[in-house]
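Everything below belongs to input_11.tsv, which stores TSV, C-alpha atoms.
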chain	number	residue	atom	x	y	z
A	1	MET	CA	112.52	85.44	71.81
A	2	ARG	CA	113.04	81.76	72.66
A	3	SER	CA	115.91	81.55	70.19
A	4	ILE	CA	117.94	84.30	71.87
A	5	LEU	CA	117.07	83.44	75.49
A	6	ILE	CA	117.39	79.65	75.48
A	7	GLY	CA	119.02	78.88	72.12
A	8	ALA	CA	115.90	77.32	70.60
A	9	PRO	CA	116.03	77.03	66.78
A	10	VAL	CA	113.80	79.27	64.69
A	11	GLU	CA	111.81	77.29	62.15
A	12	GLU	CA	112.63	77.94	58.50
A	13	ARG	CA	108.97	78.72	57.71
A	14	ILE	CA	109.10	81.54	60.28
A	15	LYS	CA	112.36	82.93	58.90
A	16	GLU	CA	111.00	82.83	55.36
A	17	GLY	CA	107.84	84.65	56.46
A	18	ILE	CA	109.70	87.70	57.78
A	19	ASP	CA	109.35	90.34	55.07
A	20	ALA	CA	109.63	94.14	55.35
A	21	ASP	CA	106.04	94.50	56.56
A	22	ILE	CA	106.38	91.79	59.23
A	23	LEU	CA	109.69	93.30	60.32
A	24	SER	CA	108.02	96.67	60.83
A	25	GLN	CA	105.14	95.10	62.79
A	26	LEU	CA	107.61	93.15	64.92
A	27	TYR	CA	109.45	96.34	65.78
A	28	VAL	CA	106.30	98.20	66.82
A	29	PHE	CA	105.03	95.30	68.93
A	30	SER	CA	108.36	94.50	70.58
A	31	GLU	CA	109.03	98.17	71.30
A	32	VAL	CA	105.67	98.48	73.08
A	33	HIS	CA	106.72	95.56	75.30
A	34	ASP	CA	110.31	96.77	75.80
A	35	LEU	CA	111.63	93.68	74.00
A	36	ALA	CA	113.00	95.22	70.80
A	37	HIS	CA	116.57	94.54	71.96
A	38	LEU	CA	115.84	90.80	72.27
A	39	ILE	CA	113.86	90.51	69.05
A	40	GLY	CA	116.54	92.51	67.23
A	41	ALA	CA	119.28	90.21	68.54
A	42	ALA	CA	117.27	87.14	67.48
A	43	LEU	CA	116.64	88.59	64.00
A	44	ALA	CA	120.35	89.37	63.61
A	45	LYS	CA	121.16	85.79	64.64
A	46	CYS	CA	118.75	84.57	61.95
A	47	GLY	CA	120.31	86.83	59.34
A	48	LYS	CA	117.06	88.75	58.88
A	49	LEU	CA	118.39	92.28	59.52
A	50	GLY	CA	119.54	94.33	56.55
A	51	ASP	CA	120.40	97.96	55.90
A	52	ASP	CA	116.83	99.29	56.00
A	53	ASP	CA	115.64	101.78	58.63
A	54	CYS	CA	113.75	99.17	60.64
A	55	SER	CA	116.81	96.90	60.87
A	56	LYS	CA	118.87	99.87	62.04
A	57	LYS	CA	116.29	100.58	64.76
A	58	PHE	CA	116.52	96.98	65.98
A	59	ARG	CA	120.33	97.16	66.13
A	60	ALA	CA	120.16	100.47	67.97
A	61	LYS	CA	117.82	98.97	70.59
A	62	ALA	CA	120.25	96.12	71.26
A	63	MET	CA	123.12	98.58	71.70
A	64	LEU	CA	120.96	100.77	73.94
A	65	ALA	CA	120.06	97.78	76.14
A	66	VAL	CA	123.75	97.04	76.76
A	67	SER	CA	124.47	100.71	77.46
A	68	ARG	CA	121.46	101.02	79.77
A	69	TYR	CA	122.53	97.93	81.70
A	70	GLU	CA	126.04	99.32	82.22
A	71	ARG	CA	124.68	102.65	83.48
A	72	ILE	CA	122.14	101.00	85.79
A	73	ASN	CA	124.71	98.56	87.13
A	74	TYR	CA	127.16	101.39	87.86
A	75	ASP	CA	124.53	103.50	89.63
A	76	LEU	CA	123.25	100.51	91.61
A	77	GLN	CA	126.75	99.73	92.86
A	78	THR	CA	127.22	103.40	93.78
A	79	ILE	CA	123.96	103.40	95.77
A	80	CYS	CA	124.79	100.12	97.53
A	81	ASP	CA	128.24	101.38	98.53
A	82	ALA	CA	126.82	104.67	99.82
A	83	LEU	CA	124.08	103.01	101.91
A	84	GLU	CA	126.52	100.44	103.25
A	85	GLN	CA	128.92	103.18	104.30
A	86	ALA	CA	126.08	105.12	105.93
A	87	GLN	CA	125.07	101.97	107.85
A	88	ILE	CA	121.54	101.94	106.41
A	89	PRO	CA	120.01	98.46	105.84
A	90	PHE	CA	118.71	98.08	102.27
A	91	ILE	CA	117.36	95.48	99.81
A	92	PRO	CA	117.74	95.77	96.00
A	93	LEU	CA	114.53	94.73	94.21
A	94	LYS	CA	113.10	93.70	90.83
A	95	GLY	CA	115.22	93.89	87.67
A	96	SER	CA	118.56	94.43	89.37
A	97	VAL	CA	118.13	90.97	90.94
A	98	LEU	CA	116.20	89.24	88.15
A	99	ARG	CA	118.78	89.86	85.44
A	100	ALA	CA	121.21	87.52	87.20
A	101	TYR	CA	119.02	84.59	86.08
A	102	TYR	CA	119.17	85.50	82.37
A	103	PRO	CA	121.87	84.15	80.02
A	104	GLU	CA	123.34	87.67	79.86
A	105	PRO	CA	122.31	90.53	82.19
A	106	TRP	CA	121.64	93.09	79.41
A	107	MET	CA	118.86	90.82	78.12
A	108	ARG	CA	116.66	91.71	81.09
A	109	THR	CA	116.10	95.43	80.64
A	110	SER	CA	114.64	97.71	83.29
A	111	CYS	CA	113.99	101.42	83.34
A	112	ASP	CA	114.90	102.10	86.94
A	113	ILE	CA	116.61	100.96	90.11
A	114	ASP	CA	114.45	99.87	93.04
A	115	VAL	CA	115.85	99.75	96.56
A	116	LEU	CA	113.94	99.14	99.81
A	117	VAL	CA	114.89	100.74	103.15
A	118	HIS	CA	113.16	100.84	106.52
A	119	ASN	CA	110.61	103.64	106.88
A	120	GLU	CA	112.58	105.12	109.78
A	121	ASP	CA	115.71	105.28	107.57
A	122	LEU	CA	113.94	106.83	104.59
A	123	GLU	CA	114.93	110.49	105.04
A	124	LYS	CA	118.50	109.59	105.96
A	125	ALA	CA	118.80	107.39	102.87
A	126	ALA	CA	117.14	110.06	100.72
A	127	GLY	CA	119.67	112.59	102.00
A	128	ILE	CA	122.53	110.28	100.99
A	129	LEU	CA	121.20	110.02	97.43
A	130	GLN	CA	120.41	113.72	97.15
A	131	TYR	CA	123.37	115.39	98.84
A	132	LYS	CA	126.19	112.85	98.74
A	133	LEU	CA	125.50	111.31	95.31
A	134	GLY	CA	123.97	114.43	93.77
A	135	TYR	CA	120.78	112.76	92.57
A	136	SER	CA	117.83	115.03	91.84
A	137	ARG	CA	114.91	114.34	94.17
A	138	LYS	CA	111.33	114.21	92.91
A	139	GLU	CA	107.99	113.64	94.60
A	140	LYS	CA	107.27	111.27	97.47
A	141	GLY	CA	104.64	108.70	96.56
A	142	GLN	CA	102.56	106.15	98.45
A	143	HIS	CA	105.50	103.78	98.79
A	144	ASP	CA	108.66	105.45	97.47
A	145	ILE	CA	110.62	108.61	96.69
A	146	SER	CA	111.80	109.13	93.12
A	147	PHE	CA	115.30	110.26	92.16
A	148	TYR	CA	117.30	110.71	88.97
A	149	SER	CA	121.03	110.09	88.80
A	150	GLN	CA	123.41	112.28	86.79
A	151	SER	CA	123.31	109.66	84.01
A	152	GLY	CA	119.52	109.91	83.85
A	153	ILE	CA	118.70	106.63	85.60
A	154	HIS	CA	115.42	106.66	87.53
A	155	VAL	CA	115.81	105.45	91.12
A	156	GLU	CA	112.88	104.50	93.36
A	157	LEU	CA	113.75	104.49	97.05
A	158	HIS	CA	111.00	102.34	98.56
A	159	TYR	CA	109.90	102.48	102.17
A	160	ASP	CA	106.86	100.27	101.60
A	161	LEU	CA	106.00	97.56	99.05
A	162	VAL	CA	102.24	97.97	99.41
A	163	GLU	CA	100.26	100.23	97.09
A	164	LYS	CA	96.86	100.71	98.66
A	165	GLY	CA	93.89	99.71	96.55
A	166	TRP	CA	95.69	97.14	94.38
A	167	ALA	CA	96.33	93.42	94.97
A	168	ASN	CA	94.95	93.98	98.46
A	169	ALA	CA	95.18	90.36	99.59
A	170	ALA	CA	98.97	90.48	99.20
A	171	SER	CA	99.41	93.41	101.58
A	172	ASP	CA	99.70	91.65	104.94
A	173	ILE	CA	102.63	89.54	103.79
A	174	LEU	CA	104.40	92.44	102.06
A	175	ASN	CA	104.06	94.52	105.22
A	176	ASN	CA	106.37	92.01	106.89
A	177	VAL	CA	108.90	91.79	104.06
A	178	TRP	CA	111.88	92.52	106.33
A	179	ASN	CA	111.17	89.28	108.20
A	180	TYR	CA	112.26	87.50	105.02
A	181	ALA	CA	115.45	89.51	104.50
A	182	VAL	CA	118.77	87.67	104.61
A	183	GLN	CA	122.08	89.45	105.14
A	184	LYS	CA	124.37	89.21	102.11
A	185	LYS	CA	127.74	87.58	102.65
A	186	LYS	CA	130.58	90.00	103.44
A	187	SER	CA	128.10	92.80	104.06
A	188	LYS	CA	126.50	94.24	107.19
A	189	TYR	CA	123.71	96.30	105.66
A	190	TYR	CA	123.09	94.78	102.21
A	191	PHE	CA	120.15	92.36	102.51
A	192	GLU	CA	118.53	90.03	99.99
A	193	LEU	CA	115.01	88.64	99.99
A	194	SER	CA	114.61	84.93	100.63
A	195	ASP	CA	113.66	82.89	97.55
A	196	ASP	CA	110.04	82.45	98.62
A	197	MET	CA	109.54	86.16	99.35
A	198	PHE	CA	111.30	87.34	96.20
A	199	TYR	CA	109.04	85.10	94.12
A	200	TYR	CA	105.97	86.18	96.07
A	201	TYR	CA	106.79	89.87	95.62
A	202	HIS	CA	107.30	89.37	91.88
A	203	ILE	CA	103.88	87.71	91.51
A	204	ALA	CA	102.20	90.34	93.73
A	205	HIS	CA	103.78	93.13	91.67
A	206	MET	CA	102.56	91.48	88.46
A	207	ALA	CA	99.06	91.15	89.92
A	208	LYS	CA	98.99	94.84	90.78
A	209	HIS	CA	99.93	95.82	87.22
A	210	ILE	CA	97.45	93.38	85.69
A	211	GLU	CA	94.75	95.01	87.82
A	212	GLN	CA	95.95	98.43	86.62
A	213	GLY	CA	95.81	97.57	82.91
A	214	GLY	CA	98.76	95.36	81.98
A	215	CYS	CA	102.32	94.39	82.76
A	216	GLY	CA	103.95	93.32	79.50
A	217	ILE	CA	105.54	90.09	78.32
A	218	LYS	CA	108.90	90.16	80.08
A	219	VAL	CA	107.61	89.68	83.64
A	220	PHE	CA	106.15	86.34	82.52
A	221	VAL	CA	109.53	85.43	81.07
A	222	ASP	CA	110.92	86.35	84.51
A	223	VAL	CA	108.53	83.80	86.02
A	224	TRP	CA	109.85	81.11	83.67
A	225	PHE	CA	113.45	81.80	84.69
A	226	LEU	CA	112.53	81.97	88.39
A	227	ASP	CA	110.70	78.64	88.10
A	228	GLY	CA	113.90	77.10	86.77
A	229	ILE	CA	116.22	78.12	89.63
A	230	ASN	CA	118.09	75.16	91.08
A	231	GLY	CA	117.34	74.74	94.78
A	232	ALA	CA	114.39	77.14	94.78
A	233	ASP	CA	112.09	76.98	97.82
A	234	TYR	CA	109.02	75.79	95.92
A	235	ASN	CA	107.11	74.77	99.05
A	236	GLY	CA	107.80	78.13	100.70
A	237	ARG	CA	106.68	79.96	97.55
A	238	LYS	CA	103.44	77.99	97.42
A	239	LYS	CA	102.66	78.63	101.08
A	240	LEU	CA	103.14	82.39	100.73
A	241	LEU	CA	101.15	82.57	97.49
A	242	ASP	CA	98.30	80.60	99.03
A	243	LYS	CA	98.32	82.80	102.13
A	244	GLY	CA	98.24	85.95	99.98
A	245	ASN	CA	95.46	84.63	97.69
A	246	LEU	CA	97.81	84.74	94.70
A	247	LEU	CA	98.15	81.03	93.96
A	248	LYS	CA	95.59	80.99	91.11
A	249	PHE	CA	97.22	83.97	89.45
A	250	ALA	CA	100.70	82.48	89.91
A	251	HIS	CA	99.62	79.19	88.31
A	252	ALA	CA	98.08	81.00	85.33
A	253	SER	CA	101.26	83.07	84.95
A	254	GLN	CA	103.41	79.94	85.06
A	255	ARG	CA	101.26	78.24	82.43
A	256	LEU	CA	101.43	81.25	80.11
A	257	SER	CA	105.21	81.47	80.51
A	258	ARG	CA	105.45	77.81	79.42
A	259	VAL	CA	103.25	78.49	76.42
A	260	TRP	CA	105.73	81.11	75.28
A	261	MET	CA	109.02	79.56	76.39
A	262	GLU	CA	108.30	75.84	75.95
A	263	GLU	CA	105.49	75.90	73.34
A	264	HIS	CA	102.96	74.29	75.68
A	265	PRO	CA	99.38	74.40	74.35
A	266	HIS	CA	97.08	77.21	75.45
A	267	ASP	CA	94.11	76.70	77.72
A	268	SER	CA	91.16	79.10	77.81
A	269	ILE	CA	92.66	81.21	80.62
A	270	THR	CA	96.17	81.55	79.16
A	271	GLN	CA	94.61	82.53	75.82
A	272	GLN	CA	92.55	85.31	77.44
A	273	LEU	CA	95.47	86.42	79.61
A	274	GLN	CA	97.75	86.56	76.56
A	275	GLU	CA	95.30	88.77	74.68
A	276	TYR	CA	95.04	91.10	77.68
A	277	VAL	CA	98.82	91.29	78.08
A	278	PHE	CA	99.49	91.79	74.36
A	279	ARG	CA	96.93	94.60	74.23
A	280	GLY	CA	98.30	96.37	77.29
A	281	GLY	CA	102.01	96.60	76.45
A	282	ALA	CA	104.78	96.89	79.03
A	283	TYR	CA	103.03	99.57	81.11
A	284	GLY	CA	99.34	98.93	80.52
A	285	MET	CA	96.90	100.58	78.15
A	286	MET	CA	94.03	102.98	78.71
A	287	ARG	CA	91.47	100.48	77.40
A	288	ASN	CA	92.68	97.79	79.82
A	289	ARG	CA	93.09	100.22	82.69
A	290	ILE	CA	89.63	101.73	82.42
A	291	ALA	CA	88.03	98.31	82.09
A	292	ALA	CA	89.90	97.19	85.22
A	293	LEU	CA	88.99	100.36	87.11
A	294	GLN	CA	85.34	100.04	86.15
A	295	ARG	CA	85.43	96.54	87.57
A	296	ARG	CA	87.10	97.69	90.78
A	297	GLU	CA	84.83	100.69	91.32
A	298	GLY	CA	81.64	98.81	90.44
A	299	GLY	CA	80.54	100.26	87.10
A	300	LYS	CA	80.81	103.27	84.79
A	301	TRP	CA	79.22	105.82	87.13
A	302	ARG	CA	81.24	104.79	90.15
A	303	TYR	CA	84.38	105.02	88.01
A	304	LEU	CA	83.29	108.51	86.92
A	305	ILE	CA	82.93	109.58	90.57
A	306	SER	CA	86.32	108.05	91.43
A	307	LYS	CA	88.03	110.30	88.86
A	308	PHE	CA	86.80	113.39	90.70
A	309	ILE	CA	86.89	112.24	94.33
A	310	ILE	CA	90.20	110.57	95.21
A	311	PRO	CA	90.30	108.47	98.40
A	312	TYR	CA	92.09	110.05	101.35
A	313	ASP	CA	94.67	107.22	101.44
A	314	VAL	CA	95.79	108.28	97.94
A	315	ILE	CA	95.41	112.07	97.97
A	316	LYS	CA	97.37	112.40	101.23
A	317	PHE	CA	100.50	111.40	99.30
A	318	ILE	CA	99.79	113.91	96.54
A	319	TYR	CA	99.43	116.63	99.18
A	320	PRO	CA	101.47	115.55	102.26
A	321	VAL	CA	99.97	118.35	104.40
A	322	LEU	CA	96.81	116.22	104.59
A	323	GLN	CA	98.68	113.58	106.61
A	324	LYS	CA	98.60	116.05	109.53
A	325	HIS	CA	95.44	117.97	108.63
A	326	ARG	CA	92.91	115.55	107.18
A	327	TRP	CA	90.11	118.10	107.56
A	328	LEU	CA	91.60	120.02	104.61
A	329	THR	CA	90.87	117.12	102.21
A	330	PRO	CA	87.82	118.74	100.47
A	331	ILE	CA	89.85	121.90	99.78
A	332	TYR	CA	92.66	119.87	98.22
A	333	GLN	CA	90.21	117.87	96.13
A	334	VAL	CA	89.18	121.18	94.54
A	335	ARG	CA	92.82	122.26	94.25
A	336	ARG	CA	93.53	119.06	92.32
A	337	TRP	CA	90.70	119.81	89.85
A	338	ILE	CA	92.16	123.26	89.24
A	339	GLY	CA	95.61	121.68	88.83
A	340	LEU	CA	94.34	119.33	86.12
A	341	VAL	CA	93.28	122.37	84.09
A	342	TYR	CA	96.38	124.44	84.92
A	343	TYR	CA	98.84	121.68	83.97
A	344	GLY	CA	97.06	120.81	80.73
A	345	GLN	CA	95.61	117.47	81.86
A	346	THR	CA	92.06	118.31	80.80
A	347	LYS	CA	92.26	116.57	77.41
A	348	ARG	CA	93.62	113.37	78.96
A	349	VAL	CA	90.86	113.29	81.60
A	350	ILE	CA	88.15	113.99	79.01
A	351	LYS	CA	89.56	111.21	76.82
A	352	GLU	CA	89.48	108.75	79.73
A	353	LEU	CA	85.94	109.72	80.71
A	354	SER	CA	84.80	109.46	77.10
A	355	TYR	CA	86.25	105.99	76.75
A	356	ASN	CA	84.68	105.04	80.08
A	357	GLN	CA	81.26	105.80	78.65
A	358	ARG	CA	81.95	103.98	75.36
A	359	LEU	CA	83.58	100.84	76.78
A	360	PRO	CA	81.67	97.85	75.39
A	361	LYS	CA	79.73	95.89	77.98
A	362	GLU	CA	81.10	92.65	76.51
A	363	GLN	CA	84.68	93.72	77.17
A	364	ALA	CA	83.90	94.61	80.78
A	365	GLN	CA	82.18	91.23	81.25
A	366	ALA	CA	85.12	89.37	79.65
A	367	LEU	CA	87.53	91.11	82.01
A	368	GLU	CA	85.28	90.27	84.96
A	369	HIS	CA	85.45	86.62	83.97
A	370	LEU	CA	89.23	86.68	83.46
A	371	PHE	CA	89.93	88.36	86.79
A	372	LYS	CA	87.66	85.90	88.57
A	373	GLU	CA	89.57	82.99	87.01
A	374	LEU	CA	92.86	84.59	88.01
A	375	GLY	CA	91.69	85.13	91.59
A	376	LEU	CA	92.17	88.91	91.32
Representation of the structure as structure tokens:
Amino acid sequence: MRSILIGAPVEERIKEGIDADILSQLYVFSEVHDLAHLIGAALAKCGKLGDDDCSKKFRAKAMLAVSRYERINYDLQTICDALEQAQIPFIPLKGSVLRAYYPEPWMRTSCDIDVLVHNEDLEKAAGILQYKLGYSRKEKGQHDISFYSQSGIHVELHYDLVEKGWANAASDILNNVWNYAVQKKKSKYYFELSDDMFYYYHIAHMAKHIEQGGCGIKVFVDVWFLDGINGADYNGRKKLLDKGNLLKFAHASQRLSRVWMEEHPHDSITQQLQEYVFRGGAYGMMRNRIAALQRREGGKWRYLISKFIIPYDVIKFIYPVLQKHRWLTPIYQVRRWIGLVYYGQTKRVIKELSYNQRLPKEQAQALEHLFKELGL
């Protein structure tokens, strides 16, 4: 990964150790972390890809990453133009901004487009995407509405950056995100986050996913690139992170990124964090997630109860009618149970509950220690 991102040489002993079995393991691992395009490009650069099926998969992932970037970039520009024309203030988020700091934009893959609008502009903006651009509209969540473009790109139209119940200490600052928005040059409605807020949001988003079971390798690589920006507002970043109780987690993330990108030595926390991240993959893993949820809920039995009784602040987004008629909540709790059976989710729930009961006490304790050290 270092070799393709920063031009670092790959040691001969590593090249010589890549046989068919290692190649296959590399593909599985890098695919889980949405990095197969980078690893494939690095292997091709090293001359380690042949005509075997695994090598062909690596090449296909690199081609797909370039294609996906072109489609996402086209759709993002279309959305920006439409919102600008409709006079709706908006802020592009996450990967669409981050990829500008990579050597080539296709190297920083993302699966969707994230755009923030004011809550009062949400339905107007949603109408633009649905009726003017022809995007298919999906469900409204706690902080966004999902869409799919004609080319199959997932678009999240955010009206809030806070997801209740996760990374709670970060919420107050994220609730005021528009105070850190700066108007883009030659644009009236296209806004960009200030350096300190963009960095803060990235760390807060990572923290949320770590609490939910994992966030993958590439967001730590993002941290490394963000740390290297010339003229970055490092003091402003530190102040926001300290205010949002994310400074310990940010420092651990920075240290781990330097282990990977600069070959710094591990400390006990980066070693534990690496194991957790490797195990979870790009989108988290059931084992990590249940361990984290047990910790949040206060044990196995509290977790068990939480699977059946969803808090009002969450279920009201699953069933929007509850936002006006809260008294119907018990009825919709039962409706949700019936829905789990009707939509074939029973096996998944049983599997989660079974793993909840079998989760080793040592793993739960290790996670408790790690989260404490990370300030989460």
### Query
Using only C-alpha atoms, which of A:Ser67, A:Gln150, A:Thr270, A:Ser136 sits nearest Thr109 of chain A?
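Counting only C-alpha atoms, the residue closest to Thr109 of chain A is A:Ser67.
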## Note on the structure
Atom pair atom CA of Glu120 of chain A + atom CA of Ile88 of chain A, distance 10.1 Å
#### Entry: Among listed residues A:Leu247, A:Val223, A:Leu76, A:Ile315, nearest Trp260 of chain A (using all atoms listed in the file)
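Nearest candidate to Trp260 of chain A out of A:Leu247, A:Val223, A:Leu76, A:Ile315: A:Val223.
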### Task
Identify which of the residues A:Lys57, A:Ile4, A:Cys111, A:Ala100 lies closest to Ile39 of chain A, counting all atoms listed in the file when measuring atom-to-atom distances.
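Looking at the shortest contact to Ile39 of chain A, the residue is A:Ile4.
Note that atom CA of Asp160 of chain A and atom CA of Leu129 of chain A are 17.8 Å apart.
Checking A:Lys188, A:Arg108, A:Lys208, A:Lys15 one by one against Leu161 of chain A, counting only C-alpha atoms, you find the shortest gap at A:Lys208.
Protein, DNA and RNA residues at most 9 Å from (121.6, 96.6, 103.2), with all atoms listed in the file, are these: A:Cys80, A:Leu83, A:Glu84, A:Gln87, A:Ile88, A:Pro89, A:Phe90, A:Ile91, A:Pro92, A:Leu116, A:Val117, A:Gln183, A:Lys184, A:Ser187, A:Lys188, A:Tyr189, A:Tyr190, A:Phe191, A:Glu192.
Take atom CA of Gly95 of chain A and atom CA of Asp121 of chain A: the distance between them is 22.9 Å.
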#### Entry: Nearest to Arg258 of chain A, chosen from A:Val10, A:Val162, A:Arg2, A:Leu193, with only C-alpha atoms counted in the distances
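With only C-alpha atoms as the atom set, the closest residue is A:Arg2.
If you measure from each of A:Pro320, A:Pro103, A:Gly40, A:Pro311 to Lys56 of chain A using all atoms listed in the file, the closest one turns out to be A:Gly40.
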With segment 224-243 of chain A as the partner and 7 Å as the cut-off, tabulate the residues of segment 102-204 of chain A that qualify, each row holding the nearest pair of atoms and their distance in Å to one decimal, using only C-alpha atoms, sorted by chain and rising number, as JSON lines.
{"residue": "A:Asp195", "atom": "CA", "partner": "A:Asp233", "partner_atom": "CA", "distance": 6.1}
{"residue": "A:Asp196", "atom": "CA", "partner": "A:Arg237", "partner_atom": "CA", "distance": 4.3}
{"residue": "A:Tyr199", "atom": "CA", "partner": "A:Arg237", "partner_atom": "CA", "distance": 6.6}
{"residue": "A:Tyr200", "atom": "CA", "partner": "A:Leu241", "partner_atom": "CA", "distance": 6.2}
Would you save the residues of that selection, restricted to C-alpha atoms, as a tab-separated table (two decimals), keeping the file's coordinate frame?
chain	number	residue	atom	x	y	z
A	195	ASP	CA	113.66	82.89	97.55
A	196	ASP	CA	110.04	82.45	98.62
A	199	TYR	CA	109.04	85.10	94.12
A	200	TYR	CA	105.97	86.18	96.07
